[in-house]
$ cat upload-v1.cif   # mmCIF, C-alpha atoms
data_entry
loop_
_atom_site.label_atom_id
_atom_site.label_comp_id
_atom_site.auth_asym_id
_atom_site.auth_seq_id
_atom_site.Cartn_x
_atom_site.Cartn_y
_atom_site.Cartn_z
CA MET A 277 131.89 134.57 -20.55
CA THR A 278 132.25 131.87 -23.15
CA GLY A 279 129.21 133.19 -25.03
CA ILE A 280 130.68 136.69 -25.22
CA ARG A 281 133.97 135.36 -26.59
CA GLU A 282 132.13 133.42 -29.31
CA THR A 283 130.21 136.57 -30.27
CA TYR A 284 133.45 138.60 -30.52
CA LYS A 285 135.10 135.85 -32.63
CA GLN A 286 132.16 135.88 -35.03
CA GLN A 287 132.20 139.68 -35.24
CA TRP A 288 135.95 139.75 -35.88
CA THR A 289 135.60 137.06 -38.55
CA VAL A 290 132.88 139.04 -40.33
CA LEU A 291 134.86 142.29 -39.94
CA SER A 292 138.05 140.63 -41.25
CA LEU A 293 136.22 139.29 -44.30
CA ALA A 294 134.69 142.71 -44.96
CA VAL A 295 138.15 144.37 -44.82
CA LEU A 296 139.59 141.71 -47.11
CA VAL A 297 136.81 142.23 -49.66
CA TRP A 298 137.23 146.02 -49.45
CA LEU A 299 141.02 145.77 -49.98
CA THR A 300 140.55 143.43 -52.93
CA VAL A 301 138.10 145.79 -54.61
CA ALA A 302 140.10 148.94 -53.77
CA CYS A 303 143.39 147.55 -55.02
CA THR A 304 142.19 146.21 -58.35
CA THR A 305 142.10 148.32 -61.49
CA ALA A 306 138.88 149.15 -63.27
CA GLU A 307 139.93 147.22 -66.39
CA PRO A 308 140.74 143.54 -66.13
CA THR A 309 144.17 142.37 -67.15
CA PRO A 310 143.95 140.81 -70.61
CA ILE A 311 144.63 137.12 -70.85
CA ARG A 312 147.55 136.41 -73.12
CA THR A 313 147.34 133.24 -75.14
CA ASP A 314 150.09 131.75 -77.22
CA PRO A 315 148.92 131.80 -80.86
CA GLY A 316 151.51 129.18 -81.77
CA PRO A 317 154.63 129.49 -83.86
CA ALA A 318 154.90 132.38 -86.30
CA GLU A 319 155.00 129.83 -89.13
CA CYS A 320 151.31 129.11 -88.49
CA ASP A 321 150.38 132.66 -89.53
CA GLN A 322 152.18 132.41 -92.87
CA ARG A 323 150.96 131.34 -96.30
CA VAL A 324 151.99 129.67 -99.51
CA GLN A 325 151.09 132.19 -102.19
CA VAL A 326 150.47 130.87 -105.70
CA ILE A 327 150.26 133.22 -108.69
CA VAL A 328 148.88 132.12 -112.07
CA TRP A 329 149.11 134.28 -115.19
CA GLY A 330 149.11 134.07 -118.96
CA ASP A 331 152.76 134.16 -120.03
CA LEU A 332 152.10 135.74 -123.44
CA ASN A 333 155.75 136.20 -124.39
CA GLU A 334 156.71 132.79 -122.94
CA ASP A 335 159.65 134.13 -120.92
CA GLY A 336 158.58 132.75 -117.52
CA ILE A 337 158.36 136.25 -115.99
CA GLN A 338 155.08 138.00 -115.33
CA ASP A 339 155.12 141.29 -117.23
CA PRO A 340 152.66 144.17 -116.58
CA ASN A 341 150.74 143.49 -119.82
CA GLU A 342 150.26 139.78 -119.09
CA PRO A 343 146.86 138.85 -117.61
CA THR A 344 146.38 137.10 -114.31
CA LEU A 345 144.07 134.11 -114.49
CA GLU A 346 141.21 133.70 -112.03
CA ASN A 347 139.25 130.60 -111.06
CA VAL A 348 142.25 128.34 -111.73
CA GLN A 349 142.37 125.35 -109.40
CA VAL A 350 145.66 124.68 -107.66
CA MET A 351 146.49 122.35 -104.82
CA VAL A 352 149.03 121.97 -102.02
CA THR A 353 149.57 118.35 -101.06
CA THR A 354 152.18 116.04 -99.59
CA GLN A 355 154.98 114.86 -101.84
CA GLU A 356 154.67 111.35 -100.43
CA ASN A 357 151.00 110.89 -101.25
CA PRO A 358 149.71 113.68 -103.52
CA THR A 359 146.28 112.10 -104.02
CA GLU A 360 145.26 112.28 -100.35
CA ASN A 361 144.51 115.18 -98.03
CA GLY A 362 145.45 118.00 -100.37
CA LEU A 363 144.28 121.58 -99.97
CA GLN A 364 142.57 122.72 -103.16
CA LEU A 365 141.71 126.36 -103.81
CA GLU A 366 140.98 128.62 -106.78
CA THR A 367 142.82 131.76 -107.75
CA ASN A 368 141.05 135.07 -107.16
CA GLU A 369 140.55 137.92 -109.66
CA ASP A 370 144.25 138.81 -109.23
CA GLY A 371 145.33 135.29 -110.20
CA ARG A 372 146.44 134.60 -106.63
CA VAL A 373 145.59 132.08 -103.97
CA ASN A 374 146.99 131.81 -100.44
CA PHE A 375 147.26 128.46 -98.71
CA PRO A 376 147.56 128.95 -94.91
CA THR A 377 150.52 127.07 -93.46
CA ARG A 378 148.46 126.35 -90.31
CA GLU A 379 146.74 123.67 -92.44
CA LEU A 380 150.09 121.89 -92.99
CA GLU A 381 151.72 119.51 -90.55
CA ASN A 382 153.70 121.53 -87.99
CA CYS A 383 152.91 124.64 -90.07
CA GLN A 384 155.90 123.78 -92.28
CA THR A 385 156.06 123.49 -96.08
CA THR A 386 158.77 120.78 -96.02
CA GLY A 387 157.38 117.60 -97.59
CA TYR A 388 154.70 119.47 -99.55
CA GLN A 389 154.27 120.50 -103.15
CA ALA A 390 152.09 122.88 -105.12
CA LEU A 391 150.26 121.33 -108.07
CA PHE A 392 148.63 122.92 -111.06
CA LEU A 393 145.45 120.86 -111.44
CA ARG A 394 143.53 121.58 -114.60
CA GLN A 395 144.18 123.02 -118.01
CA VAL A 396 142.80 126.52 -118.58
CA ALA A 397 140.98 127.25 -121.85
CA GLY A 398 143.33 128.87 -124.37
CA TYR A 399 146.50 127.99 -122.42
CA GLU A 400 148.88 125.05 -122.17
CA PHE A 401 149.88 123.39 -118.93
CA PRO A 402 152.86 125.14 -117.31
CA ALA A 403 156.30 123.71 -118.02
CA GLN A 404 156.59 122.90 -114.31
CA PRO A 405 153.09 121.83 -113.15
CA VAL A 406 154.48 120.67 -109.78
CA VAL A 407 156.64 122.81 -107.49
CA ASN A 408 158.46 121.24 -104.52
CA LEU A 409 158.01 123.35 -101.37
CA ASP A 410 160.89 121.91 -99.29
CA ASN A 411 162.97 125.10 -99.53
CA PHE A 412 160.01 127.46 -99.78
CA ASP A 413 160.17 130.59 -97.59
CA PRO A 414 156.61 131.86 -97.03
CA LEU A 415 157.90 135.32 -96.10
CA HIS A 416 159.80 135.85 -99.35
CA ASP A 417 158.72 133.28 -101.92
CA ALA A 418 155.70 132.58 -104.10
CA VAL A 419 154.87 129.79 -106.52
CA TYR A 420 154.50 131.05 -110.09
CA PHE A 421 152.58 129.21 -112.78
CA GLY A 422 152.99 131.05 -116.09
CA LEU A 423 150.67 129.49 -118.66
CA GLN A 424 151.60 129.85 -122.30
CA PRO A 425 148.85 130.56 -124.80
CA ILE A 426 147.98 127.74 -127.17
CA SER A 427 149.38 128.57 -130.56
CA GLU A 428 146.76 129.26 -133.21
CA ASN A 429 148.92 127.34 -135.68
CA SER A 430 148.93 124.14 -133.61
CA ASP A 431 147.03 121.12 -134.86
CA GLY A 432 145.71 120.76 -131.27
#
$ encode --input "upload-v1.cif" --output "structure tokens"
Amino acid sequence: MTGIRETYKQQWTVLSLAVLVWLTVACTTAEPTPIRTDPGPAECDQRVQVIVWGDLNEDGIQDPNEPTLENVQVMVTTQENPTENGLQLETNEDGRVNFPTRELENCQTTGYQALFLRQVAGYEFPAQPVVNLDNFDPLHDAVYFGLQPISENSDG
């Protein structure tokens, strides 16, 4: 009798496992549930936009007839130590460059500054070659570097 009981126990165990597998397959959807990952704070998806243009009328405002300047090197770096660990990029054909805030500590602009690095042929350095980013709002602000043309009458 003991042998028959062992056989029934084994059959019930196999049958129970088969039912469990069938229920698992029958009750799951055809498509797997997507895994949701936390991309981090929204600040990490923002940018510091820098715009460089030739300020022909020297009013500090980019007018439609004033050219944007491409291939101009600008940098975002810490205010405390601007010579180390800066992010250096060049403006595109629209005179713009976007520095991703995910490259900054805690994705925040506080403690950083934007620097205009090199003089551009035919233009003077901007009046403000360094812009403090402590109160910068990546959603609404941009850094503007309007370069004034070198006067033809200057002794240069």
$ residues_around --input "upload-v1.cif" --residues "Thr354 of chain A" --least-positions-apart "6" --cutoff "8 Å" --atoms "all atoms listed in the file" --output "VMD selection string"
chain A and resid 360 to 362 387 to 389
$ closest_residue --input "upload-v1.cif" --among "A:Leu409, A:Ala403, A:Ala418, A:Val328" --to "Asn347 of chain A" --atoms "only C-alpha atoms"
A:Val328
$ resolve_selection --input "upload-v1.cif" --expression "the PyMOL selection byres ((chain A and resi 411) around 12)" --output "ChimeraX atom specification"
/A:324,384-389,407-410,412-419
$ atom_distance --input "upload-v1.cif" --atom1 "atom CA of Glu342 of chain A" --atom2 "atom CA of Leu363 of chain A"
27.1 Å
$ residues_near_point --input "upload-v1.cif" --point "(149.4, 132.4, -104.5)" --cutoff "9 Å" --atoms "all atoms listed in the file" --output "PyMOL selection string"
chain A and resi 323-328+367+371-375+418-420
$ atom_distance --input "upload-v1.cif" --atom1 "atom CA of Val396 of chain A" --atom2 "atom CA of Leu423 of chain A"
8.4 Å
$ atom_distance --input "upload-v1.cif" --atom1 "atom CA of Ala318 of chain A" --atom2 "atom CA of Glu346 of chain A"
29.2 Å
